[in-house]
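Novice: Dropping in protein_21.cif, with mmCIF, C-alpha atoms and all ligand atoms.
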```cif
data_structure
#
loop_
_atom_site.label_atom_id
_atom_site.label_comp_id
_atom_site.auth_asym_id
_atom_site.auth_seq_id
_atom_site.Cartn_x
_atom_site.Cartn_y
_atom_site.Cartn_z
CA MET R 607 14.20 10.80 -11.44
CA GLN R 608 15.14 8.26 -8.81
CA ASN R 609 13.97 4.70 -8.43
CA THR R 610 13.04 3.74 -4.85
CA PRO R 611 15.62 5.99 -3.17
CA PRO R 612 16.42 4.66 0.34
CA LEU R 613 14.51 6.43 3.15
CA GLN R 614 14.96 6.50 6.91
CA THR R 615 12.39 7.23 9.61
CA ASN R 616 12.67 7.03 13.41
CA ARG R 617 12.31 3.28 13.52
CA LEU R 618 12.50 2.17 9.91
CA THR R 619 14.64 1.80 6.84
CA LEU R 620 12.76 1.77 3.54
CA ARG R 621 14.76 0.29 0.67
CA LYS R 622 14.60 -1.94 -2.41
CA PHE R 623 13.86 -5.67 -2.08
CA THR R 624 16.88 -7.68 -3.25
CA GLN R 625 17.19 -11.36 -4.19
CA SER R 626 18.58 -12.08 -0.71
CA ASP R 627 15.23 -10.97 0.73
CA LEU R 628 13.29 -13.90 -0.79
CA PRO R 629 12.81 -15.69 2.58
CA ALA R 630 11.51 -12.42 4.12
CA LEU R 631 9.24 -11.81 1.11
CA LEU R 632 7.87 -15.35 1.50
CA ASN R 633 7.29 -14.72 5.21
CA ILE R 634 5.29 -11.54 4.47
CA HIS R 635 3.21 -13.04 1.68
CA SER R 636 2.56 -16.56 2.98
CA ASP R 637 0.44 -15.39 5.95
CA LYS R 638 -3.25 -15.99 5.15
CA GLU R 639 -4.40 -13.13 7.37
CA VAL R 640 -2.06 -10.61 5.74
CA ASN R 641 -3.22 -11.92 2.36
CA LYS R 642 -6.98 -11.79 3.11
CA PHE R 643 -7.43 -8.29 1.68
CA LEU R 644 -4.83 -8.52 -1.11
CA PRO R 645 -5.68 -9.50 -4.70
CA MET R 646 -2.94 -12.14 -5.04
CA SER R 647 -2.93 -15.63 -3.48
CA PRO R 648 -0.48 -16.37 -0.64
CA LEU R 649 3.02 -17.42 -1.76
CA LYS R 650 3.77 -21.06 -0.91
CA ASN R 651 7.52 -21.47 -1.32
CA LEU R 652 10.76 -19.75 -2.31
CA THR R 653 10.16 -20.49 -6.00
CA ASP R 654 6.86 -18.55 -5.78
CA ALA R 655 8.70 -15.78 -3.93
CA LYS R 656 11.36 -15.56 -6.65
CA THR R 657 8.75 -15.29 -9.42
CA TYR R 658 6.88 -12.66 -7.44
CA TRP R 659 10.09 -10.69 -6.78
CA GLU R 660 10.99 -10.77 -10.49
CA ASN R 661 7.55 -9.57 -11.62
CA GLN R 662 6.76 -7.08 -8.87
CA TYR R 663 10.19 -5.72 -7.93
CA ALA R 664 13.04 -6.50 -10.35
CA ALA R 665 10.88 -5.30 -13.28
CA ALA R 666 10.00 -2.05 -11.48
CA TYR R 667 13.62 -1.40 -10.51
CA LYS R 668 14.52 -1.38 -14.24
CA GLN R 669 12.21 1.60 -14.82
CA LYS R 670 13.29 5.24 -14.62
CA GLN R 671 11.09 5.96 -11.61
CA ALA R 672 9.43 3.66 -9.05
CA TYR R 673 8.42 3.55 -5.39
CA GLN R 674 8.57 -0.14 -4.45
CA TYR R 675 9.86 -0.41 -0.91
CA ALA R 676 10.70 -3.07 1.63
CA ILE R 677 9.82 -1.88 5.16
CA CYS R 678 12.62 -2.91 7.55
CA LEU R 679 13.31 -2.19 11.21
CA LYS R 680 16.52 -0.15 11.40
CA GLU R 681 18.01 -2.56 13.92
CA ASP R 682 18.21 -5.57 11.59
CA ASN R 683 17.33 -4.32 8.05
CA ILE R 684 15.12 -7.40 7.42
CA PRO R 685 11.91 -6.74 5.43
CA ILE R 686 8.76 -7.08 7.58
CA GLY R 687 6.43 -5.45 5.07
CA TYR R 688 6.16 -3.47 1.87
CA ILE R 689 4.85 -0.13 0.71
CA ASN R 690 4.58 1.15 -2.83
CA ILE R 691 3.12 3.79 -5.12
CA SER R 692 2.19 2.60 -8.60
CA MET R 693 3.46 4.60 -11.57
CA ASN R 694 0.16 4.44 -13.49
CA ASP R 695 -2.38 7.27 -13.59
CA SER R 696 -3.96 6.27 -10.25
CA HIS R 697 -0.67 6.66 -8.29
CA ASP R 698 -2.09 3.93 -6.06
CA LEU R 699 -0.57 3.57 -2.60
CA GLY R 700 -0.39 -0.06 -1.38
CA TYR R 701 1.05 -1.67 1.76
CA GLY R 702 1.17 -4.77 3.91
CA LEU R 703 2.92 -5.84 7.09
CA THR R 704 3.74 -9.14 8.79
CA LYS R 705 1.14 -9.71 11.49
CA ALA R 706 3.63 -9.78 14.39
CA PHE R 707 4.26 -6.05 13.78
CA TRP R 708 0.66 -4.80 13.47
CA HIS R 709 -0.74 -2.11 15.85
CA GLN R 710 2.50 -0.15 16.30
CA GLY R 711 2.00 2.58 13.70
CA ILE R 712 4.67 1.09 11.45
CA VAL R 713 2.82 1.39 8.14
CA THR R 714 1.71 4.92 8.99
CA GLU R 715 5.35 5.84 9.71
CA ALA R 716 6.48 4.28 6.41
CA GLY R 717 3.58 5.96 4.58
CA LYS R 718 4.55 9.44 5.77
CA ALA R 719 8.09 8.93 4.44
CA ILE R 720 7.05 7.63 1.02
CA LEU R 721 4.51 10.44 0.57
CA GLU R 722 7.09 13.06 1.45
CA GLN R 723 9.48 11.63 -1.14
CA ALA R 724 6.74 11.40 -3.80
CA LYS R 725 5.75 15.02 -3.20
CA LYS R 726 9.40 16.14 -3.50
CA ASP R 727 9.62 14.25 -6.80
CA GLY R 728 6.55 15.99 -8.23
CA ILE R 729 3.98 13.17 -8.01
CA PRO R 730 0.74 15.20 -8.27
CA PHE R 731 -1.46 13.05 -6.00
CA VAL R 732 -1.89 9.54 -4.60
CA THR R 733 -4.99 7.41 -4.29
CA ALA R 734 -5.55 4.34 -2.12
CA THR R 735 -8.44 1.90 -1.91
CA HIS R 736 -9.47 -0.54 0.78
CA ASP R 737 -12.15 -3.19 1.16
CA ARG R 738 -14.69 -1.70 3.54
CA ASN R 739 -14.43 -4.90 5.61
CA ASN R 740 -10.79 -3.93 6.27
CA PRO R 741 -11.22 -0.64 8.17
CA ARG R 742 -7.71 -0.72 9.72
CA SER R 743 -6.30 -0.10 6.26
CA GLY R 744 -8.63 2.91 6.05
CA GLY R 745 -7.18 3.94 9.43
CA VAL R 746 -3.72 4.13 7.86
CA MET R 747 -5.12 6.30 5.04
CA ILE R 748 -6.75 8.65 7.54
CA GLN R 749 -3.56 8.87 9.61
CA LEU R 750 -1.70 9.81 6.42
CA GLY R 751 -4.08 12.73 5.90
CA MET R 752 -5.87 11.15 2.93
CA HIS R 753 -9.48 12.04 2.25
CA TYR R 754 -12.37 9.67 1.52
CA GLN R 755 -13.86 10.39 -1.92
CA TYR R 756 -16.30 7.58 -2.85
CA SER R 757 -17.08 3.87 -2.71
CA TYR R 758 -17.56 1.42 -5.56
CA GLU R 759 -18.12 -2.27 -6.20
CA GLU R 760 -15.68 -4.39 -8.13
CA GLN R 761 -15.55 -8.07 -9.02
CA TRP R 762 -11.99 -8.35 -7.76
CA GLN R 763 -9.51 -10.41 -9.77
CA PRO R 764 -7.83 -12.86 -9.67
CA LYS R 765 -9.70 -13.86 -6.49
CA ASP R 766 -13.01 -13.23 -8.29
CA GLN R 767 -14.80 -11.79 -5.22
CA LEU R 768 -17.34 -8.95 -5.15
CA VAL R 769 -15.76 -6.22 -3.02
CA THR R 770 -16.94 -2.76 -1.99
CA PHE R 771 -13.92 -0.47 -1.96
CA ARG R 772 -13.52 2.94 -0.36
CA MET R 773 -11.31 5.30 -2.32
CA TYR R 774 -9.11 7.90 -0.63
CA GLN R 775 -6.97 10.61 -2.23
CA LEU R 776 -4.26 12.99 -1.13
CA ASN R 777 -3.02 15.78 -3.37
CA LEU R 778 0.75 16.19 -3.21
CA ALA R 779 2.74 18.27 -5.74
CA ASP R 780 -0.43 19.45 -7.50
CA GLN R 781 -2.85 20.65 -4.84
CA THR R 782 -5.45 21.34 -7.55
CA SER R 783 -5.63 17.72 -8.78
CA PRO R 784 -9.27 16.77 -9.30
CA VAL R 785 -10.72 13.62 -7.70
CA TYR R 786 -9.49 10.54 -9.56
CA LYS R 787 -12.72 9.24 -11.10
CA LYS R 788 -11.63 6.11 -13.00
CA TYR R 789 -12.90 3.60 -10.40
CA TRP R 790 -16.20 5.52 -10.16
CA ASP R 791 -16.59 5.59 -13.95
CA ASP R 792 -15.65 1.92 -14.39
CA SER R 793 -18.08 0.61 -11.77
CA ALA R 794 -21.85 0.35 -12.34
CA VAL R 795 -22.34 0.54 -8.55
CA HIS R 796 -20.77 3.63 -7.00
CA PHE R 797 -21.88 5.90 -4.18
CA ILE R 798 -20.71 8.20 -1.43
CA GLU R 799 -21.16 6.75 2.07
CA ALA R 800 -22.38 9.04 4.80
CA GLY R 801 -20.37 8.97 8.00
CA VAL R 802 -17.03 7.79 6.57
CA THR R 803 -14.22 9.87 8.05
CA SER R 804 -12.75 12.05 5.36
C1 LIG V 1 -3.64 -2.65 7.38
C2 LIG V 1 -2.21 -2.78 7.89
C3 LIG V 1 -1.24 -2.42 6.77
C4 LIG V 1 -2.03 -1.83 9.09
O1 LIG V 1 -0.67 -1.84 9.51
P1 LIG V 1 -0.23 -1.24 10.94
O2 LIG V 1 1.23 -0.92 10.90
O3 LIG V 1 -0.72 -2.14 12.02
O4 LIG V 1 -1.09 0.10 10.92
P2 LIG V 1 -0.86 1.41 11.77
O5 LIG V 1 -0.62 0.98 13.20
O6 LIG V 1 0.17 2.30 11.11
O7 LIG V 1 -2.24 2.15 11.58
C5 LIG V 1 -3.51 1.50 11.83
C6 LIG V 1 -4.17 2.36 12.86
O8 LIG V 1 -5.05 3.24 12.27
C7 LIG V 1 -5.82 3.80 13.33
N1 LIG V 1 -7.14 4.15 12.88
C8 LIG V 1 -7.53 5.42 12.70
N2 LIG V 1 -8.80 5.43 12.26
C9 LIG V 1 -9.22 4.15 12.17
C10 LIG V 1 -10.44 3.56 11.76
N3 LIG V 1 -11.50 4.30 11.35
N4 LIG V 1 -10.54 2.21 11.77
C11 LIG V 1 -9.50 1.45 12.17
N5 LIG V 1 -8.30 1.98 12.55
C12 LIG V 1 -8.17 3.33 12.56
C13 LIG V 1 -5.85 2.80 14.45
O9 LIG V 1 -5.25 3.41 15.56
C14 LIG V 1 -5.02 1.68 13.88
O10 LIG V 1 -4.14 1.15 14.78
P3 LIG V 1 -4.56 0.00 15.84
O11 LIG V 1 -5.46 -0.98 15.17
O12 LIG V 1 -3.27 -0.55 16.23
O13 LIG V 1 -5.24 0.77 16.92
C15 LIG V 1 -1.90 -4.23 8.36
O14 LIG V 1 -2.88 -4.63 9.27
C16 LIG V 1 -1.83 -5.24 7.22
O15 LIG V 1 -0.77 -5.50 6.65
N6 LIG V 1 -2.99 -5.85 6.86
C17 LIG V 1 -3.04 -6.85 5.80
C18 LIG V 1 -2.73 -6.28 4.41
C19 LIG V 1 -3.66 -5.14 4.05
O16 LIG V 1 -4.81 -5.12 4.46
N7 LIG V 1 -3.14 -4.19 3.28
C20 LIG V 1 -3.90 -3.03 2.83
C21 LIG V 1 -4.73 -3.39 1.66
S1 LIG V 1 -5.73 -2.00 1.16
#
```
Starting from the file, give its structure as structure tokens.
Ligand SMILES: CC(C)(COP(=O)(O)OP(=O)(O)OC[C@H]1O[C@@H](n2cnc3c(N)ncnc32)[C@H](O)[C@@H]1OP(=O)(O)O)[C@@H](O)C(=O)NCCC(=O)NCCS
Specialist:
Amino acid sequence: MQNTPPLQTNRLTLRKFTQSDLPALLNIHSDKEVNKFLPMSPLKNLTDAKTYWENQYAAAYKQKQAYQYAICLKEDNIPIGYINISMNDSHDLGYGLTKAFWHQGIVTEAGKAILEQAKKDGIPFVTATHDRNNPRSGGVMIQLGMHYQYSYEEQWQPKDQLVTFRMYQLNLADQTSPVYKKYWDDSAVHFIEAGVTS
């Protein structure tokens, strides 16, 4: 099993975050608009970025298998965003991009590459969830071929906000994977919305 094997797409290099990327990591995670729909608070300085890198990235890179990527433009190899698949039972796909690069299909392009690698490696399925007030993130899921399954409410931590999430799933190596029901089961308020593109 590989850990975050480097990937190339037309415009992008996907690779591990290193300690020399702390200024870029700070740039991605200090923007309040990028942070609005993420659970964590914005990073304030390089010390915050280092702690975040150690917990989120260095720890994952010590595991046998992980998908924790920096998204870089090929031309300069500087991280402008991130994309990852968690190694827990949800196989959750997560992503974020510096605002200056929004609306160019960059996260969709990165998403296609990471899903292809995950499928090759035998990951049975991925899920992804987005706040329903953040439909552009749902747009990425749709463009990746993911299918809407259900919505649920969660008192989101550590921000402690009540959020309605939409859950999408894409079966990869195991096309018979059932719908991942944990979020549905854990939430007292869950429902299927009519009219959501699936
Ligand atoms: C959400 C985010 C990752 C999108 O990145 P991006 O590279 O601009 O996205 P892409 O261009 O690959 O794909 C988004 C596209 O989906 C398409 N789309 C398809 N169906 C859509 C729908 N129902 N609603 C909105 N967009 C839709 C749109 O064309 C949209 O592009 P546009 O807004 O430029 O027209 C980025 O805005 C971001 O980092 N946001 C903050 C962090 C975040 O929300 N992360 C996800 C948490 S779940």
Novice: Work out where the centre of an axis-aligned box around every listed atom of region 759-765 of chain R lies and how long its edges are once 6 Å is added on each side; give both in Å to one decimal as AutoDock Vina command-line options.
Specialist:
```
--center_x -13.0 --center_y -8.1 --center_z -8.0 --size_x 22.3 --size_y 23.6 --size_z 15.6
```
Novice: With distances taken over only C-alpha atoms and all ligand atoms, which of R:Tyr673, R:Trp659, R:Tyr756, R:Trp708 is nearest to ligand LIG 1 (chain V)?
Specialist: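 Checking each candidate against ligand LIG 1 (chain V), we get R:Trp708 as the closest.
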Novice: Between R:Ala800, R:Ala676, R:Ala734, R:Leu703, which has the minimum distance to His635 (chain R) (counting all atoms listed in the file)?
Specialist: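 Using all atoms listed in the file, the shortest distance to His635 (chain R) belongs to R:Leu703.
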Novice: Using all atoms listed in the file, what table do you get, as a tab-separated table, when you list each residue of chain R with an atom no more than 6 Å from ligand LIG 1 (chain V), its nearest pair of atoms, and their distance in Å rounded to one decimal, rows by chain then rising number?
Specialist:
```
residue	atom	partner	partner_atom	distance
R:Val640	CA	V:LIG1	C17	3.9
R:Phe643	CA	V:LIG1	O16	5.0
R:Leu644	CA	V:LIG1	C21	5.8
R:Tyr701	CA	V:LIG1	N7	5.1
R:Gly702	CA	V:LIG1	O15	3.4
R:Leu703	CA	V:LIG1	O15	3.7
R:Trp708	CA	V:LIG1	O3	3.3
R:His709	CA	V:LIG1	O12	3.0
R:Gln710	CA	V:LIG1	O5	4.5
R:Gly711	CA	V:LIG1	O5	3.1
R:Ile712	CA	V:LIG1	O2	4.0
R:Val713	CA	V:LIG1	O2	3.9
R:Thr714	CA	V:LIG1	O6	3.7
R:Thr735	CA	V:LIG1	S1	5.7
R:His736	CA	V:LIG1	S1	4.0
R:Pro741	CA	V:LIG1	N4	4.6
R:Arg742	CA	V:LIG1	C11	3.7
R:Ser743	CA	V:LIG1	C1	3.9
R:Gly745	CA	V:LIG1	C12	3.3
R:Val746	CA	V:LIG1	O7	4.5
```
Novice: So that I can check the surroundings of Thr733 (chain R), please list as a short mmCIF file (atom, residue, chain, number, x, y, z; two decimals) with C-alpha atoms, keeping the file's coordinate frame every protein, DNA and RNA residue that reaches within 12 Å of it, counting all atoms listed in the file and ignoring chain neighbours fewer than 4 positions away.
Specialist:
```
data_model
loop_
_atom_site.label_atom_id
_atom_site.label_comp_id
_atom_site.auth_asym_id
_atom_site.auth_seq_id
_atom_site.Cartn_x
_atom_site.Cartn_y
_atom_site.Cartn_z
CA ASN R 690 4.58 1.15 -2.83
CA ILE R 691 3.12 3.79 -5.12
CA SER R 692 2.19 2.60 -8.60
CA MET R 693 3.46 4.60 -11.57
CA ASN R 694 0.16 4.44 -13.49
CA ASP R 695 -2.38 7.27 -13.59
CA SER R 696 -3.96 6.27 -10.25
CA HIS R 697 -0.67 6.66 -8.29
CA ASP R 698 -2.09 3.93 -6.06
CA LEU R 699 -0.57 3.57 -2.60
CA GLY R 700 -0.39 -0.06 -1.38
CA LEU R 721 4.51 10.44 0.57
CA ILE R 729 3.98 13.17 -8.01
CA GLY R 744 -8.63 2.91 6.05
CA MET R 747 -5.12 6.30 5.04
CA LEU R 750 -1.70 9.81 6.42
CA GLY R 751 -4.08 12.73 5.90
CA MET R 752 -5.87 11.15 2.93
CA HIS R 753 -9.48 12.04 2.25
CA TYR R 754 -12.37 9.67 1.52
CA GLN R 755 -13.86 10.39 -1.92
CA TYR R 756 -16.30 7.58 -2.85
CA ARG R 772 -13.52 2.94 -0.36
CA MET R 773 -11.31 5.30 -2.32
CA TYR R 774 -9.11 7.90 -0.63
CA GLN R 775 -6.97 10.61 -2.23
CA LEU R 776 -4.26 12.99 -1.13
CA ASN R 777 -3.02 15.78 -3.37
CA LEU R 778 0.75 16.19 -3.21
CA SER R 783 -5.63 17.72 -8.78
CA PRO R 784 -9.27 16.77 -9.30
CA VAL R 785 -10.72 13.62 -7.70
CA TYR R 786 -9.49 10.54 -9.56
CA LYS R 787 -12.72 9.24 -11.10
CA LYS R 788 -11.63 6.11 -13.00
CA TYR R 789 -12.90 3.60 -10.40
#
```
Novice: Fewer than 2 positions away in the same chain doesn't count, so skip those; otherwise give me all residues within 9 Å of Thr610 (chain R), counting all atoms listed in the file, as a PyMOL selection string.
Specialist: chain R and resi 608+612-613+620-622+667+671-675
Novice: Save the residues we just selected, C-alpha atoms, as a PDB file, keeping the file's coordinate frame?
Specialist:
```pdb
ATOM      1  CA  GLN R 608      15.140   8.260  -8.810  1.00  0.00           C
ATOM      2  CA  PRO R 612      16.420   4.660   0.340  1.00  0.00           C
ATOM      3  CA  LEU R 613      14.510   6.430   3.150  1.00  0.00           C
ATOM      4  CA  LEU R 620      12.760   1.770   3.540  1.00  0.00           C
ATOM      5  CA  ARG R 621      14.760   0.290   0.670  1.00  0.00           C
ATOM      6  CA  LYS R 622      14.600  -1.940  -2.410  1.00  0.00           C
ATOM      7  CA  TYR R 667      13.620  -1.400 -10.510  1.00  0.00           C
ATOM      8  CA  GLN R 671      11.090   5.960 -11.610  1.00  0.00           C
ATOM      9  CA  ALA R 672       9.430   3.660  -9.050  1.00  0.00           C
ATOM     10  CA  TYR R 673       8.420   3.550  -5.390  1.00  0.00           C
ATOM     11  CA  GLN R 674       8.570  -0.140  -4.450  1.00  0.00           C
ATOM     12  CA  TYR R 675       9.860  -0.410  -0.910  1.00  0.00           C
TER      13      TYR R 675
END
```
Novice: Can you pull out every residue within 12 Å of Ile634 (chain R), counting only C-alpha atoms, but drop anything in the same chain fewer than 3 positions away, and send it as number ranges by chain?
Specialist: R: 627-631, 637-641, 644, 648-652, 655, 676-678, 684-688, 701-707
Novice: Could you work out how far CA of Ser757 (chain R) lies from CA of Phe797 (chain R), giving the answer in Å with one decimal?
Specialist: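 Those two atoms sit 5.4 Å apart.
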Novice: Separation of CA of Phe623 (chain R) and CA of Pro645 (chain R), in Å?
Specialist: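 Taking CA of Phe623 (chain R) as the start and CA of Pro645 (chain R) as the end point, the length is 20.1 Å.
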Novice: Mind giving me the straight-line distance from CA of Asp737 (chain R) to CA of Asp791 (chain R) in Å, one decimal?
Specialist: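 Taking CA of Asp737 (chain R) and CA of Asp791 (chain R), their separation equals 18.0 Å.
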Novice: Mind rebuilding region 746-774 of chain R with N, CA and C atoms and writing that out as a short mmCIF file (atom, residue, chain, number, x, y, z; two decimals), in the frame of the given file?
Specialist:
```
data_model
loop_
_atom_site.label_atom_id
_atom_site.label_comp_id
_atom_site.auth_asym_id
_atom_site.auth_seq_id
_atom_site.Cartn_x
_atom_site.Cartn_y
_atom_site.Cartn_z
N VAL R 746 -5.03 3.66 8.33
CA VAL R 746 -3.72 4.13 7.86
C VAL R 746 -3.91 5.32 6.93
N MET R 747 -4.87 5.20 6.00
CA MET R 747 -5.12 6.30 5.04
C MET R 747 -5.48 7.59 5.77
N ILE R 748 -6.34 7.46 6.77
CA ILE R 748 -6.75 8.65 7.54
C ILE R 748 -5.55 9.25 8.26
N GLN R 749 -4.75 8.37 8.87
CA GLN R 749 -3.56 8.87 9.61
C GLN R 749 -2.55 9.53 8.68
N LEU R 750 -2.60 9.18 7.39
CA LEU R 750 -1.70 9.81 6.42
C LEU R 750 -2.28 11.11 5.87
N GLY R 751 -3.48 11.47 6.34
CA GLY R 751 -4.08 12.73 5.90
C GLY R 751 -4.86 12.59 4.60
N MET R 752 -5.11 11.35 4.18
CA MET R 752 -5.87 11.15 2.93
C MET R 752 -7.35 11.41 3.19
N HIS R 753 -8.07 11.71 2.11
CA HIS R 753 -9.48 12.04 2.25
C HIS R 753 -10.35 11.06 1.48
N TYR R 754 -11.41 10.57 2.17
CA TYR R 754 -12.37 9.67 1.52
C TYR R 754 -13.09 10.41 0.40
N GLN R 755 -13.19 9.75 -0.77
CA GLN R 755 -13.86 10.39 -1.92
C GLN R 755 -15.15 9.67 -2.32
N TYR R 756 -15.10 8.33 -2.45
CA TYR R 756 -16.30 7.58 -2.85
C TYR R 756 -16.08 6.09 -2.64
N SER R 757 -17.15 5.33 -2.80
CA SER R 757 -17.08 3.87 -2.71
C SER R 757 -17.57 3.27 -4.02
N TYR R 758 -17.13 2.07 -4.31
CA TYR R 758 -17.56 1.42 -5.56
C TYR R 758 -17.42 -0.09 -5.42
N GLU R 759 -18.22 -0.81 -6.20
CA GLU R 759 -18.12 -2.27 -6.20
C GLU R 759 -17.25 -2.73 -7.35
N GLU R 760 -16.51 -3.80 -7.07
CA GLU R 760 -15.68 -4.39 -8.13
C GLU R 760 -15.65 -5.89 -7.95
N GLN R 761 -15.75 -6.62 -9.06
CA GLN R 761 -15.55 -8.07 -9.02
C GLN R 761 -14.04 -8.26 -9.09
N TRP R 762 -13.44 -8.46 -7.91
CA TRP R 762 -11.99 -8.35 -7.76
C TRP R 762 -11.28 -9.57 -8.30
N GLN R 763 -10.27 -9.32 -9.15
CA GLN R 763 -9.51 -10.41 -9.77
C GLN R 763 -8.09 -10.43 -9.21
N PRO R 764 -7.37 -11.55 -9.19
CA PRO R 764 -7.83 -12.86 -9.67
C PRO R 764 -8.65 -13.65 -8.65
N LYS R 765 -8.95 -13.08 -7.48
CA LYS R 765 -9.70 -13.86 -6.49
C LYS R 765 -11.18 -14.00 -6.87
N ASP R 766 -11.64 -13.17 -7.79
CA ASP R 766 -13.01 -13.23 -8.29
C ASP R 766 -14.05 -13.08 -7.17
N GLN R 767 -13.85 -12.05 -6.31
CA GLN R 767 -14.80 -11.79 -5.22
C GLN R 767 -15.42 -10.41 -5.45
N LEU R 768 -16.70 -10.28 -5.08
CA LEU R 768 -17.34 -8.95 -5.15
C LEU R 768 -16.93 -8.16 -3.91
N VAL R 769 -16.28 -7.02 -4.14
CA VAL R 769 -15.76 -6.22 -3.02
C VAL R 769 -16.30 -4.79 -3.15
N THR R 770 -16.67 -4.20 -2.01
CA THR R 770 -16.94 -2.76 -1.99
C THR R 770 -15.69 -2.06 -1.47
N PHE R 771 -15.13 -1.21 -2.32
CA PHE R 771 -13.92 -0.47 -1.96
C PHE R 771 -14.28 0.95 -1.57
N ARG R 772 -13.47 1.50 -0.64
CA ARG R 772 -13.52 2.94 -0.36
C ARG R 772 -12.25 3.55 -0.94
N MET R 773 -12.43 4.65 -1.65
CA MET R 773 -11.31 5.30 -2.32
C MET R 773 -10.94 6.59 -1.59
N TYR R 774 -9.66 6.72 -1.29
CA TYR R 774 -9.11 7.90 -0.63
C TYR R 774 -8.10 8.57 -1.55
#
```
